[in-house]
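K.L.:
File run15.txt follows (compact mmCIF, N, CA and C atoms):
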```
# COMPACT_ATOMS: atom_id res chain seq x y z
N MET A 15 8.43 -9.61 -20.07
CA MET A 15 8.57 -8.22 -20.43
C MET A 15 8.79 -7.37 -19.18
N ARG A 16 8.10 -7.69 -18.05
CA ARG A 16 8.29 -6.93 -16.82
C ARG A 16 9.73 -6.98 -16.37
N ALA A 17 10.33 -8.18 -16.42
CA ALA A 17 11.71 -8.34 -15.99
C ALA A 17 12.64 -7.52 -16.88
N GLN A 18 12.36 -7.49 -18.17
CA GLN A 18 13.19 -6.71 -19.10
C GLN A 18 13.10 -5.23 -18.76
N ARG A 19 11.88 -4.73 -18.52
CA ARG A 19 11.71 -3.32 -18.18
C ARG A 19 12.41 -2.99 -16.87
N ALA A 20 12.28 -3.89 -15.89
CA ALA A 20 12.91 -3.68 -14.60
C ALA A 20 14.43 -3.61 -14.74
N LEU A 21 15.00 -4.47 -15.58
CA LEU A 21 16.44 -4.44 -15.79
C LEU A 21 16.88 -3.15 -16.46
N ILE A 22 16.12 -2.70 -17.43
CA ILE A 22 16.45 -1.45 -18.12
C ILE A 22 16.41 -0.30 -17.14
N VAL A 23 15.34 -0.21 -16.36
CA VAL A 23 15.19 0.88 -15.40
C VAL A 23 16.27 0.78 -14.34
N SER A 24 16.52 -0.41 -13.79
CA SER A 24 17.53 -0.58 -12.75
C SER A 24 18.91 -0.19 -13.27
N GLY A 25 19.26 -0.64 -14.45
CA GLY A 25 20.55 -0.29 -15.02
C GLY A 25 20.70 1.20 -15.22
N THR A 26 19.64 1.84 -15.68
CA THR A 26 19.66 3.29 -15.87
C THR A 26 19.84 3.99 -14.54
N LEU A 27 19.15 3.53 -13.50
CA LEU A 27 19.23 4.18 -12.21
C LEU A 27 20.59 3.99 -11.56
N ILE A 28 21.19 2.84 -11.74
CA ILE A 28 22.54 2.62 -11.20
C ILE A 28 23.50 3.60 -11.88
N GLY A 29 23.35 3.77 -13.19
CA GLY A 29 24.18 4.74 -13.90
C GLY A 29 23.95 6.15 -13.39
N LEU A 30 22.72 6.48 -13.07
CA LEU A 30 22.40 7.80 -12.53
C LEU A 30 23.11 8.02 -11.21
N ALA A 31 23.02 7.05 -10.34
CA ALA A 31 23.64 7.18 -9.02
C ALA A 31 25.14 7.39 -9.17
N GLY A 32 25.76 6.63 -10.05
CA GLY A 32 27.19 6.78 -10.26
C GLY A 32 27.56 8.15 -10.79
N ALA A 33 26.77 8.68 -11.72
CA ALA A 33 27.06 10.00 -12.28
C ALA A 33 26.89 11.10 -11.25
N ALA A 34 25.89 10.97 -10.41
CA ALA A 34 25.60 12.03 -9.45
C ALA A 34 26.56 12.04 -8.27
N PHE A 35 27.14 10.90 -7.93
CA PHE A 35 27.98 10.84 -6.75
C PHE A 35 29.38 11.37 -6.99
N GLY A 36 29.60 12.00 -8.14
CA GLY A 36 30.90 12.59 -8.41
C GLY A 36 31.19 13.81 -7.56
N GLY A 37 30.16 14.46 -7.03
CA GLY A 37 30.36 15.66 -6.23
C GLY A 37 29.68 15.53 -4.89
N GLU A 38 29.73 16.58 -4.12
CA GLU A 38 29.02 16.61 -2.84
C GLU A 38 27.53 16.69 -3.14
N ALA A 39 26.72 16.46 -2.13
CA ALA A 39 25.27 16.40 -2.34
C ALA A 39 24.70 17.62 -3.05
N PRO A 40 25.03 18.88 -2.67
CA PRO A 40 24.42 20.01 -3.38
C PRO A 40 24.75 20.02 -4.87
N GLU A 41 26.03 19.80 -5.22
CA GLU A 41 26.39 19.75 -6.63
C GLU A 41 25.81 18.52 -7.29
N GLY A 42 25.87 17.39 -6.59
CA GLY A 42 25.36 16.14 -7.11
C GLY A 42 23.86 16.21 -7.36
N ALA A 43 23.14 16.98 -6.53
CA ALA A 43 21.69 17.10 -6.71
C ALA A 43 21.38 17.75 -8.06
N GLY A 44 22.18 18.72 -8.47
CA GLY A 44 21.98 19.34 -9.78
C GLY A 44 22.23 18.35 -10.90
N VAL A 45 23.27 17.56 -10.75
CA VAL A 45 23.57 16.52 -11.74
C VAL A 45 22.45 15.49 -11.75
N MET A 46 21.97 15.12 -10.55
CA MET A 46 20.89 14.13 -10.45
C MET A 46 19.63 14.64 -11.14
N THR A 47 19.29 15.91 -10.96
CA THR A 47 18.11 16.48 -11.61
C THR A 47 18.23 16.38 -13.13
N GLN A 48 19.42 16.70 -13.64
CA GLN A 48 19.65 16.61 -15.08
C GLN A 48 19.56 15.16 -15.55
N GLN A 49 20.14 14.26 -14.79
CA GLN A 49 20.15 12.85 -15.18
C GLN A 49 18.74 12.25 -15.14
N LEU A 50 17.93 12.67 -14.17
CA LEU A 50 16.55 12.18 -14.13
C LEU A 50 15.79 12.63 -15.37
N ALA A 51 16.01 13.88 -15.80
CA ALA A 51 15.36 14.38 -17.02
C ALA A 51 15.80 13.59 -18.24
N VAL A 52 17.09 13.30 -18.33
CA VAL A 52 17.61 12.51 -19.45
C VAL A 52 17.02 11.10 -19.42
N THR A 53 16.95 10.52 -18.22
CA THR A 53 16.40 9.18 -18.07
C THR A 53 14.94 9.13 -18.50
N ALA A 54 14.15 10.11 -18.08
CA ALA A 54 12.74 10.15 -18.46
C ALA A 54 12.60 10.22 -19.98
N GLN A 55 13.41 11.06 -20.59
CA GLN A 55 13.35 11.19 -22.05
C GLN A 55 13.77 9.88 -22.72
N SER A 56 14.83 9.27 -22.22
CA SER A 56 15.34 8.04 -22.81
C SER A 56 14.33 6.90 -22.67
N LEU A 57 13.79 6.72 -21.48
CA LEU A 57 12.80 5.66 -21.26
C LEU A 57 11.53 5.91 -22.08
N GLY A 58 11.18 7.18 -22.22
CA GLY A 58 9.98 7.54 -22.96
C GLY A 58 10.01 7.15 -24.42
N GLN A 59 11.19 7.00 -24.97
CA GLN A 59 11.32 6.64 -26.38
C GLN A 59 10.83 5.22 -26.66
N ALA A 60 10.80 4.38 -25.65
CA ALA A 60 10.36 2.98 -25.83
C ALA A 60 8.91 2.78 -25.40
N LEU A 61 8.19 3.86 -25.18
CA LEU A 61 6.82 3.76 -24.67
C LEU A 61 5.81 4.18 -25.72
N PRO A 62 4.57 3.74 -25.62
CA PRO A 62 4.00 2.96 -24.51
C PRO A 62 4.47 1.51 -24.55
N GLN A 63 4.41 0.89 -23.37
CA GLN A 63 4.81 -0.50 -23.23
C GLN A 63 3.79 -1.22 -22.35
N LYS A 64 3.27 -2.30 -22.88
CA LYS A 64 2.28 -3.09 -22.15
C LYS A 64 2.98 -3.83 -21.02
N VAL A 65 2.50 -3.65 -19.79
CA VAL A 65 3.07 -4.32 -18.63
C VAL A 65 2.42 -5.70 -18.48
N ASP A 66 1.11 -5.73 -18.62
CA ASP A 66 0.35 -6.98 -18.60
C ASP A 66 -0.97 -6.74 -19.33
N ASP A 67 -1.92 -7.66 -19.21
CA ASP A 67 -3.18 -7.53 -19.95
C ASP A 67 -4.05 -6.37 -19.50
N THR A 68 -3.74 -5.78 -18.36
CA THR A 68 -4.60 -4.72 -17.82
C THR A 68 -3.91 -3.38 -17.63
N LEU A 69 -2.60 -3.33 -17.87
CA LEU A 69 -1.83 -2.13 -17.51
C LEU A 69 -0.78 -1.81 -18.56
N THR A 70 -0.67 -0.51 -18.90
CA THR A 70 0.31 -0.03 -19.86
C THR A 70 1.10 1.11 -19.25
N LEU A 71 2.43 1.05 -19.37
CA LEU A 71 3.28 2.19 -19.00
C LEU A 71 3.27 3.13 -20.19
N SER A 72 2.66 4.30 -20.01
CA SER A 72 2.46 5.19 -21.15
C SER A 72 3.52 6.28 -21.28
N SER A 73 4.09 6.73 -20.17
CA SER A 73 5.13 7.75 -20.25
C SER A 73 5.91 7.83 -18.94
N VAL A 74 7.05 8.50 -19.01
CA VAL A 74 7.87 8.76 -17.83
C VAL A 74 8.23 10.23 -17.88
N SER A 75 8.11 10.91 -16.74
CA SER A 75 8.44 12.33 -16.69
C SER A 75 9.32 12.61 -15.48
N ALA A 76 10.05 13.72 -15.56
CA ALA A 76 10.90 14.14 -14.45
C ALA A 76 10.62 15.60 -14.15
N GLU A 77 10.52 15.89 -12.87
CA GLU A 77 10.39 17.28 -12.43
C GLU A 77 11.26 17.41 -11.19
N GLY A 78 12.33 18.17 -11.31
CA GLY A 78 13.26 18.29 -10.19
C GLY A 78 13.83 16.93 -9.84
N LEU A 79 13.70 16.55 -8.59
CA LEU A 79 14.23 15.28 -8.11
C LEU A 79 13.16 14.21 -8.02
N THR A 80 12.12 14.33 -8.83
CA THR A 80 11.04 13.34 -8.86
C THR A 80 10.93 12.73 -10.25
N LEU A 81 10.98 11.41 -10.29
CA LEU A 81 10.79 10.67 -11.54
C LEU A 81 9.43 9.99 -11.45
N THR A 82 8.56 10.28 -12.42
CA THR A 82 7.20 9.76 -12.38
C THR A 82 6.95 8.81 -13.55
N TYR A 83 6.44 7.63 -13.20
CA TYR A 83 6.04 6.63 -14.17
C TYR A 83 4.52 6.74 -14.32
N HIS A 84 4.04 7.00 -15.52
CA HIS A 84 2.61 7.18 -15.79
C HIS A 84 2.04 5.91 -16.43
N TYR A 85 1.12 5.29 -15.72
CA TYR A 85 0.49 4.05 -16.18
C TYR A 85 -0.98 4.32 -16.49
N LYS A 86 -1.54 3.47 -17.38
CA LYS A 86 -2.98 3.51 -17.68
C LYS A 86 -3.53 2.10 -17.57
N PHE A 87 -4.65 1.98 -16.86
CA PHE A 87 -5.35 0.70 -16.83
C PHE A 87 -6.11 0.58 -18.13
N THR A 88 -6.05 -0.59 -18.75
CA THR A 88 -6.66 -0.79 -20.06
C THR A 88 -7.86 -1.72 -20.01
N ASP A 89 -8.24 -2.14 -18.81
CA ASP A 89 -9.35 -3.08 -18.64
C ASP A 89 -10.39 -2.44 -17.71
N PRO A 90 -11.63 -2.24 -18.20
CA PRO A 90 -12.65 -1.59 -17.37
C PRO A 90 -13.03 -2.43 -16.14
N ALA A 91 -12.75 -3.71 -16.14
CA ALA A 91 -13.11 -4.57 -15.01
C ALA A 91 -12.16 -4.44 -13.83
N VAL A 92 -11.00 -3.82 -14.05
CA VAL A 92 -10.01 -3.69 -12.98
C VAL A 92 -10.45 -2.61 -11.98
N LYS A 93 -10.42 -2.97 -10.70
CA LYS A 93 -10.68 -1.99 -9.64
C LYS A 93 -9.35 -1.32 -9.33
N ALA A 94 -9.20 -0.11 -9.86
CA ALA A 94 -7.91 0.58 -9.80
C ALA A 94 -7.37 0.70 -8.38
N SER A 95 -8.19 1.08 -7.43
CA SER A 95 -7.68 1.30 -6.07
C SER A 95 -7.12 0.02 -5.47
N GLU A 96 -7.76 -1.11 -5.74
CA GLU A 96 -7.26 -2.39 -5.22
C GLU A 96 -5.96 -2.79 -5.91
N ARG A 97 -5.93 -2.62 -7.21
CA ARG A 97 -4.73 -3.01 -7.97
C ARG A 97 -3.55 -2.10 -7.63
N VAL A 98 -3.82 -0.80 -7.41
CA VAL A 98 -2.74 0.12 -7.06
C VAL A 98 -2.13 -0.26 -5.71
N ALA A 99 -2.95 -0.67 -4.77
CA ALA A 99 -2.42 -1.10 -3.46
C ALA A 99 -1.47 -2.29 -3.64
N GLU A 100 -1.87 -3.23 -4.47
CA GLU A 100 -1.04 -4.41 -4.75
C GLU A 100 0.27 -3.99 -5.44
N LEU A 101 0.16 -3.15 -6.45
CA LEU A 101 1.34 -2.70 -7.18
C LEU A 101 2.26 -1.88 -6.30
N ASN A 102 1.68 -1.05 -5.44
CA ASN A 102 2.50 -0.21 -4.57
C ASN A 102 3.31 -1.06 -3.59
N ASN A 103 2.73 -2.13 -3.08
CA ASN A 103 3.48 -3.01 -2.19
C ASN A 103 4.67 -3.62 -2.92
N ARG A 104 4.45 -4.05 -4.15
CA ARG A 104 5.55 -4.60 -4.94
C ARG A 104 6.61 -3.54 -5.23
N ASN A 105 6.15 -2.34 -5.62
CA ASN A 105 7.09 -1.26 -5.93
C ASN A 105 7.90 -0.85 -4.70
N LEU A 106 7.25 -0.81 -3.54
CA LEU A 106 7.98 -0.49 -2.30
C LEU A 106 9.08 -1.51 -2.04
N ALA A 107 8.74 -2.78 -2.13
CA ALA A 107 9.73 -3.83 -1.88
C ALA A 107 10.90 -3.72 -2.85
N GLN A 108 10.62 -3.53 -4.13
CA GLN A 108 11.68 -3.46 -5.13
C GLN A 108 12.51 -2.18 -4.98
N SER A 109 11.86 -1.05 -4.81
CA SER A 109 12.57 0.23 -4.75
C SER A 109 13.38 0.38 -3.47
N CYS A 110 12.77 0.01 -2.36
CA CYS A 110 13.44 0.20 -1.07
C CYS A 110 14.59 -0.76 -0.86
N HIS A 111 14.61 -1.87 -1.58
CA HIS A 111 15.70 -2.83 -1.45
C HIS A 111 16.68 -2.78 -2.61
N HIS A 112 16.52 -1.82 -3.49
CA HIS A 112 17.45 -1.64 -4.61
C HIS A 112 18.52 -0.65 -4.13
N PRO A 113 19.76 -1.10 -3.98
CA PRO A 113 20.79 -0.23 -3.39
C PRO A 113 20.96 1.12 -4.10
N GLY A 114 20.95 1.13 -5.42
CA GLY A 114 21.12 2.38 -6.15
C GLY A 114 19.96 3.34 -5.94
N MET A 115 18.75 2.81 -6.00
CA MET A 115 17.57 3.66 -5.80
C MET A 115 17.53 4.19 -4.37
N ARG A 116 17.81 3.32 -3.42
CA ARG A 116 17.76 3.72 -2.01
C ARG A 116 18.80 4.80 -1.73
N GLN A 117 19.97 4.67 -2.31
CA GLN A 117 21.01 5.67 -2.12
C GLN A 117 20.58 7.03 -2.68
N MET A 118 19.93 7.02 -3.85
CA MET A 118 19.44 8.27 -4.43
C MET A 118 18.38 8.90 -3.53
N MET A 119 17.53 8.07 -2.93
CA MET A 119 16.49 8.60 -2.05
C MET A 119 17.11 9.20 -0.78
N LYS A 120 18.10 8.52 -0.22
CA LYS A 120 18.73 8.98 1.02
C LYS A 120 19.56 10.25 0.81
N VAL A 121 20.43 10.22 -0.16
CA VAL A 121 21.40 11.30 -0.33
C VAL A 121 20.81 12.51 -1.05
N PHE A 122 20.04 12.28 -2.10
CA PHE A 122 19.57 13.39 -2.93
C PHE A 122 18.09 13.69 -2.77
N GLU A 123 17.42 12.91 -1.93
CA GLU A 123 15.97 13.08 -1.71
C GLU A 123 15.18 12.88 -3.00
N VAL A 124 15.64 11.96 -3.83
CA VAL A 124 14.91 11.60 -5.04
C VAL A 124 13.64 10.87 -4.63
N ALA A 125 12.56 11.13 -5.35
CA ALA A 125 11.29 10.44 -5.13
C ALA A 125 10.87 9.80 -6.44
N PHE A 126 10.25 8.64 -6.33
CA PHE A 126 9.70 7.93 -7.48
C PHE A 126 8.20 7.89 -7.30
N VAL A 127 7.47 8.38 -8.30
CA VAL A 127 6.02 8.40 -8.24
C VAL A 127 5.50 7.45 -9.31
N TYR A 128 4.58 6.60 -8.89
CA TYR A 128 3.91 5.69 -9.81
C TYR A 128 2.48 6.19 -9.91
N SER A 129 2.12 6.71 -11.06
CA SER A 129 0.82 7.34 -11.27
C SER A 129 -0.04 6.44 -12.16
N TYR A 130 -1.18 6.03 -11.63
CA TYR A 130 -2.04 5.06 -12.32
C TYR A 130 -3.36 5.72 -12.71
N ALA A 131 -3.62 5.82 -14.01
CA ALA A 131 -4.86 6.40 -14.51
C ALA A 131 -5.89 5.29 -14.67
N PRO A 132 -7.01 5.39 -13.94
CA PRO A 132 -8.07 4.37 -14.09
C PRO A 132 -8.65 4.38 -15.50
N TYR A 133 -9.18 3.26 -15.91
CA TYR A 133 -9.80 3.13 -17.23
C TYR A 133 -10.95 4.12 -17.39
N SER A 134 -11.65 4.39 -16.28
CA SER A 134 -12.84 5.24 -16.30
C SER A 134 -12.55 6.69 -16.64
N GLY A 135 -11.28 7.09 -16.61
CA GLY A 135 -10.93 8.47 -16.89
C GLY A 135 -10.89 9.33 -15.64
N GLU A 136 -11.12 8.74 -14.48
CA GLU A 136 -11.03 9.47 -13.22
C GLU A 136 -9.60 9.94 -13.00
N ALA A 137 -9.42 10.78 -12.00
CA ALA A 137 -8.09 11.30 -11.68
C ALA A 137 -7.13 10.15 -11.37
N PRO A 138 -5.88 10.29 -11.78
CA PRO A 138 -4.90 9.24 -11.49
C PRO A 138 -4.70 9.04 -9.99
N ILE A 139 -4.32 7.83 -9.64
CA ILE A 139 -3.98 7.48 -8.27
C ILE A 139 -2.46 7.43 -8.20
N ASP A 140 -1.87 8.29 -7.36
CA ASP A 140 -0.42 8.37 -7.27
C ASP A 140 0.10 7.64 -6.05
N ALA A 141 1.19 6.95 -6.22
CA ALA A 141 1.89 6.28 -5.11
C ALA A 141 3.33 6.77 -5.14
N LYS A 142 3.71 7.50 -4.09
CA LYS A 142 5.05 8.10 -4.02
C LYS A 142 5.96 7.23 -3.15
N ILE A 143 7.15 6.97 -3.68
CA ILE A 143 8.14 6.23 -2.91
C ILE A 143 9.37 7.12 -2.75
N ASP A 144 9.66 7.42 -1.50
CA ASP A 144 10.84 8.20 -1.16
C ASP A 144 11.46 7.58 0.09
N GLU A 145 12.47 8.20 0.64
CA GLU A 145 13.14 7.63 1.80
C GLU A 145 12.18 7.48 2.99
N LYS A 146 11.30 8.44 3.17
CA LYS A 146 10.32 8.35 4.27
C LYS A 146 9.41 7.13 4.09
N ALA A 147 8.95 6.89 2.87
CA ALA A 147 8.09 5.73 2.60
C ALA A 147 8.87 4.44 2.83
N CYS A 148 10.15 4.42 2.45
CA CYS A 148 10.96 3.22 2.66
C CYS A 148 11.19 2.95 4.14
N LEU A 149 11.41 3.99 4.92
CA LEU A 149 11.59 3.80 6.36
C LEU A 149 10.32 3.23 6.98
N ALA A 150 9.17 3.75 6.58
CA ALA A 150 7.89 3.22 7.09
C ALA A 150 7.70 1.77 6.65
N TYR A 151 8.06 1.49 5.42
CA TYR A 151 7.95 0.11 4.91
C TYR A 151 8.86 -0.82 5.70
N ASP A 152 10.10 -0.39 5.93
CA ASP A 152 11.05 -1.21 6.69
C ASP A 152 10.53 -1.47 8.10
N GLN A 153 9.99 -0.45 8.75
CA GLN A 153 9.46 -0.60 10.10
C GLN A 153 8.27 -1.54 10.13
N SER A 154 7.41 -1.47 9.12
CA SER A 154 6.22 -2.33 9.10
C SER A 154 6.60 -3.81 8.95
N ARG A 155 7.70 -4.08 8.33
CA ARG A 155 8.14 -5.46 8.14
C ARG A 155 8.66 -6.07 9.43
N TRP A 156 9.06 -5.23 10.39
CA TRP A 156 9.62 -5.73 11.64
C TRP A 156 8.58 -5.89 12.72
N LYS A 157 7.34 -5.52 12.44
CA LYS A 157 6.28 -5.63 13.46
C LYS A 157 5.74 -7.02 13.53
```
Could you quickly redo this structure as structure tokens?
P.N.:
Amino acid sequence: MRAQRALIVSGTLIGLAGAAFGGEAPEGAGVMTQQLAVTAQSLGQALPQKVDDTLTLSSVSAEGLTLTYHYKFTDPAVKASERVAELNNRNLAQSCHHPGMRQMMKVFEVAFVYSYAPYSGEAPIDAKIDEKACLAYDQSRWK
């Protein structure tokens, strides 16, 4: 199921990048903002979606040039902070090495936020991936 969701999201994002690159960055940024909103609405129609036994993708939202994936932990035994660190490393690797996503981050300053709500009801833990985060990730791999 994870692979299927990743393919759907990746395909949608590649389409977004293609639609937005029709104009120069300022004009394209407006198109990108609209496309992110459409993408959030479209992806939201298939949610909630269970990612694994402990995590559910509950919604996707867009605000400006930020696309946010809202997750909920469904298992009280999960230590959210530890699991978020693990998930963030995976998300960094996938997002920063995805040509379409990386291009959107570089050219349009798009950010992807992965927001994880602990089972306990505490405030969500957010992990933001943007071009700055990818540059830091790339540098850390070369050390």
K.L.:
Taking the backbone alone, and naming residues the way the document does, which bits of chain A are alpha helix (DSSP H) by DSSP, as JSON, numbers by chain?
P.N.:
{"A": [16, 17, 18, 19, 20, 21, 22, 23, 24, 25, 26, 27, 28, 29, 30, 31, 32, 33, 34, 39, 40, 41, 42, 43, 44, 45, 46, 47, 48, 49, 50, 51, 52, 53, 54, 55, 56, 57, 58, 94, 95, 96, 97, 98, 99, 100, 101, 102, 103, 104, 105, 106, 107, 108, 109, 110, 113, 114, 115, 116, 117, 118, 119, 120, 121, 122, 145, 146, 147, 148, 149, 150, 151, 152, 153, 154, 155]}
K.L.:
Which distance in Å separates atom CA of Phe126 of chain A and atom CA of Thr70 of chain A, to one decimal?
P.N.:
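Interatomic distance here is 17.5 Å.
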K.L.:
Mind pulling up the distance from atom C of Ser129 of chain A to atom N of Thr88 of chain A?
P.N.:
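Interatomic distance, atom N of Thr88 of chain A to atom C of Ser129 of chain A: 11.4 Å.
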K.L.:
Please list as a list in words every residue within 12 Å of segment 149-154 of chain A, counting only C-alpha atoms and excluding residues in the same chain fewer than 6 positions away.
P.N.:
Asn102, Asn103, Arg104, Asn105, Leu106, Ala107, Gln108, Ser109, Cys110, His111, Arg116, Met119, Lys120 and Ile143 of chain A
K.L.:
Would you mind writing down, as a ChimeraX atom specification, each residue of chain A that DSSP on the backbone assigns to strand (DSSP E)?
P.N.:
/A:63-66,69-77,80-87,125-131,139-143
K.L.:
Would you write out those residues with N, CA and C atoms, as a compact mmCIF listing (two decimals), in the frame of the given file?
P.N.:
```txt
# COMPACT_ATOMS: atom_id res chain seq x y z
N GLN A 63 4.41 0.89 -23.37
CA GLN A 63 4.81 -0.50 -23.23
C GLN A 63 3.79 -1.22 -22.35
N LYS A 64 3.27 -2.30 -22.88
CA LYS A 64 2.28 -3.09 -22.15
C LYS A 64 2.98 -3.83 -21.02
N VAL A 65 2.50 -3.65 -19.79
CA VAL A 65 3.07 -4.32 -18.63
C VAL A 65 2.42 -5.70 -18.48
N ASP A 66 1.11 -5.73 -18.62
CA ASP A 66 0.35 -6.98 -18.60
C ASP A 66 -0.97 -6.74 -19.33
N LEU A 69 -2.60 -3.33 -17.87
CA LEU A 69 -1.83 -2.13 -17.51
C LEU A 69 -0.78 -1.81 -18.56
N THR A 70 -0.67 -0.51 -18.90
CA THR A 70 0.31 -0.03 -19.86
C THR A 70 1.10 1.11 -19.25
N LEU A 71 2.43 1.05 -19.37
CA LEU A 71 3.28 2.19 -19.00
C LEU A 71 3.27 3.13 -20.19
N SER A 72 2.66 4.30 -20.01
CA SER A 72 2.46 5.19 -21.15
C SER A 72 3.52 6.28 -21.28
N SER A 73 4.09 6.73 -20.17
CA SER A 73 5.13 7.75 -20.25
C SER A 73 5.91 7.83 -18.94
N VAL A 74 7.05 8.50 -19.01
CA VAL A 74 7.87 8.76 -17.83
C VAL A 74 8.23 10.23 -17.88
N SER A 75 8.11 10.91 -16.74
CA SER A 75 8.44 12.33 -16.69
C SER A 75 9.32 12.61 -15.48
N ALA A 76 10.05 13.72 -15.56
CA ALA A 76 10.90 14.14 -14.45
C ALA A 76 10.62 15.60 -14.15
N GLU A 77 10.52 15.89 -12.87
CA GLU A 77 10.39 17.28 -12.43
C GLU A 77 11.26 17.41 -11.19
N THR A 80 12.12 14.33 -8.83
CA THR A 80 11.04 13.34 -8.86
C THR A 80 10.93 12.73 -10.25
N LEU A 81 10.98 11.41 -10.29
CA LEU A 81 10.79 10.67 -11.54
C LEU A 81 9.43 9.99 -11.45
N THR A 82 8.56 10.28 -12.42
CA THR A 82 7.20 9.76 -12.38
C THR A 82 6.95 8.81 -13.55
N TYR A 83 6.44 7.63 -13.20
CA TYR A 83 6.04 6.63 -14.17
C TYR A 83 4.52 6.74 -14.32
N HIS A 84 4.04 7.00 -15.52
CA HIS A 84 2.61 7.18 -15.79
C HIS A 84 2.04 5.91 -16.43
N TYR A 85 1.12 5.29 -15.72
CA TYR A 85 0.49 4.05 -16.18
C TYR A 85 -0.98 4.32 -16.49
N LYS A 86 -1.54 3.47 -17.38
CA LYS A 86 -2.98 3.51 -17.68
C LYS A 86 -3.53 2.10 -17.57
N PHE A 87 -4.65 1.98 -16.86
CA PHE A 87 -5.35 0.70 -16.83
C PHE A 87 -6.11 0.58 -18.13
N ALA A 125 12.56 11.13 -5.35
CA ALA A 125 11.29 10.44 -5.13
C ALA A 125 10.87 9.80 -6.44
N PHE A 126 10.25 8.64 -6.33
CA PHE A 126 9.70 7.93 -7.48
C PHE A 126 8.20 7.89 -7.30
N VAL A 127 7.47 8.38 -8.30
CA VAL A 127 6.02 8.40 -8.24
C VAL A 127 5.50 7.45 -9.31
N TYR A 128 4.58 6.60 -8.89
CA TYR A 128 3.91 5.69 -9.81
C TYR A 128 2.48 6.19 -9.91
N SER A 129 2.12 6.71 -11.06
CA SER A 129 0.82 7.34 -11.27
C SER A 129 -0.04 6.44 -12.16
N TYR A 130 -1.18 6.03 -11.63
CA TYR A 130 -2.04 5.06 -12.32
C TYR A 130 -3.36 5.72 -12.71
N ALA A 131 -3.62 5.82 -14.01
CA ALA A 131 -4.86 6.40 -14.51
C ALA A 131 -5.89 5.29 -14.67
N ILE A 139 -4.32 7.83 -9.64
CA ILE A 139 -3.98 7.48 -8.27
C ILE A 139 -2.46 7.43 -8.20
N ASP A 140 -1.87 8.29 -7.36
CA ASP A 140 -0.42 8.37 -7.27
C ASP A 140 0.10 7.64 -6.05
N ALA A 141 1.19 6.95 -6.22
CA ALA A 141 1.89 6.28 -5.11
C ALA A 141 3.33 6.77 -5.14
N LYS A 142 3.71 7.50 -4.09
CA LYS A 142 5.05 8.10 -4.02
C LYS A 142 5.96 7.23 -3.15
N ILE A 143 7.15 6.97 -3.68
CA ILE A 143 8.14 6.23 -2.91
C ILE A 143 9.37 7.12 -2.75
```
K.L.:
Measuring atom to atom with all atoms listed in the file, identify which of A:Thr80, A:Leu71, A:Lys64, A:Asp89 is nearest to Thr47 of chain A.
P.N.:
A:Thr80
K.L.:
Residues at most 6.5 Å from His84 of chain A, counting all atoms listed in the file, excluding those fewer than 4 positions away in the same chain, as an MDAnalysis selection string?
P.N.:
chainID A and resid 70:75 127:131
K.L.:
For the atom pair atom C of Gly114 of chain A and atom N of Tyr85 of chain A, what is the interatomic distance in Å to one decimal place?
P.N.:
21.3 Å
K.L.:
Between A:Glu123, A:Glu96, A:Asp66, A:Glu77, which has the minimum distance to Glu145 of chain A (counting all atoms listed in the file)?
P.N.:
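Using all atoms listed in the file, Glu145 of chain A sits closest to A:Glu123.
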K.L.:
May I ask which of the residues A:Met46, A:Ala76, A:Pro138, A:Asp144 is the closest one to Ala125 of chain A, counting only N, CA and C atoms?
P.N.:
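Nearest to Ala125 of chain A: A:Asp144.
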K.L.:
For Gln48 of chain A, find every residue with an atom within 10 Å (counting only C-alpha atoms), except residues of its own chain fewer than 3 positions away, and show them as a tab-separated table (two decimals) with N, CA and C atoms, keeping the file's coordinate frame.
P.N.:
```
chain	number	residue	atom	x	y	z
A	30	LEU	N	22.72	6.48	-13.07
A	30	LEU	CA	22.40	7.80	-12.53
A	30	LEU	C	23.11	8.02	-11.21
A	34	ALA	N	25.89	10.97	-10.41
A	34	ALA	CA	25.60	12.03	-9.45
A	34	ALA	C	26.56	12.04	-8.27
A	42	GLY	N	25.87	17.39	-6.59
A	42	GLY	CA	25.36	16.14	-7.11
A	42	GLY	C	23.86	16.21	-7.36
A	43	ALA	N	23.14	16.98	-6.53
A	43	ALA	CA	21.69	17.10	-6.71
A	43	ALA	C	21.38	17.75	-8.06
A	44	GLY	N	22.18	18.72	-8.47
A	44	GLY	CA	21.98	19.34	-9.78
A	44	GLY	C	22.23	18.35	-10.90
A	45	VAL	N	23.27	17.56	-10.75
A	45	VAL	CA	23.57	16.52	-11.74
A	45	VAL	C	22.45	15.49	-11.75
A	51	ALA	N	16.01	13.88	-15.80
A	51	ALA	CA	15.36	14.38	-17.02
A	51	ALA	C	15.80	13.59	-18.24
A	52	VAL	N	17.09	13.30	-18.33
A	52	VAL	CA	17.61	12.51	-19.45
A	52	VAL	C	17.02	11.10	-19.42
A	53	THR	N	16.95	10.52	-18.22
A	53	THR	CA	16.40	9.18	-18.07
A	53	THR	C	14.94	9.13	-18.50
A	76	ALA	N	10.05	13.72	-15.56
A	76	ALA	CA	10.90	14.14	-14.45
A	76	ALA	C	10.62	15.60	-14.15
A	77	GLU	N	10.52	15.89	-12.87
A	77	GLU	CA	10.39	17.28	-12.43
A	77	GLU	C	11.26	17.41	-11.19
A	78	GLY	N	12.33	18.17	-11.31
A	78	GLY	CA	13.26	18.29	-10.19
A	78	GLY	C	13.83	16.93	-9.84
A	79	LEU	N	13.70	16.55	-8.59
A	79	LEU	CA	14.23	15.28	-8.11
A	79	LEU	C	13.16	14.21	-8.02
```
K.L.:
Measuring between all atoms listed in the file, which one of A:Cys148, A:Ala99, A:Met115, A:Val92 shows the shortest distance to Pro132 of chain A?
P.N.:
A:Val92
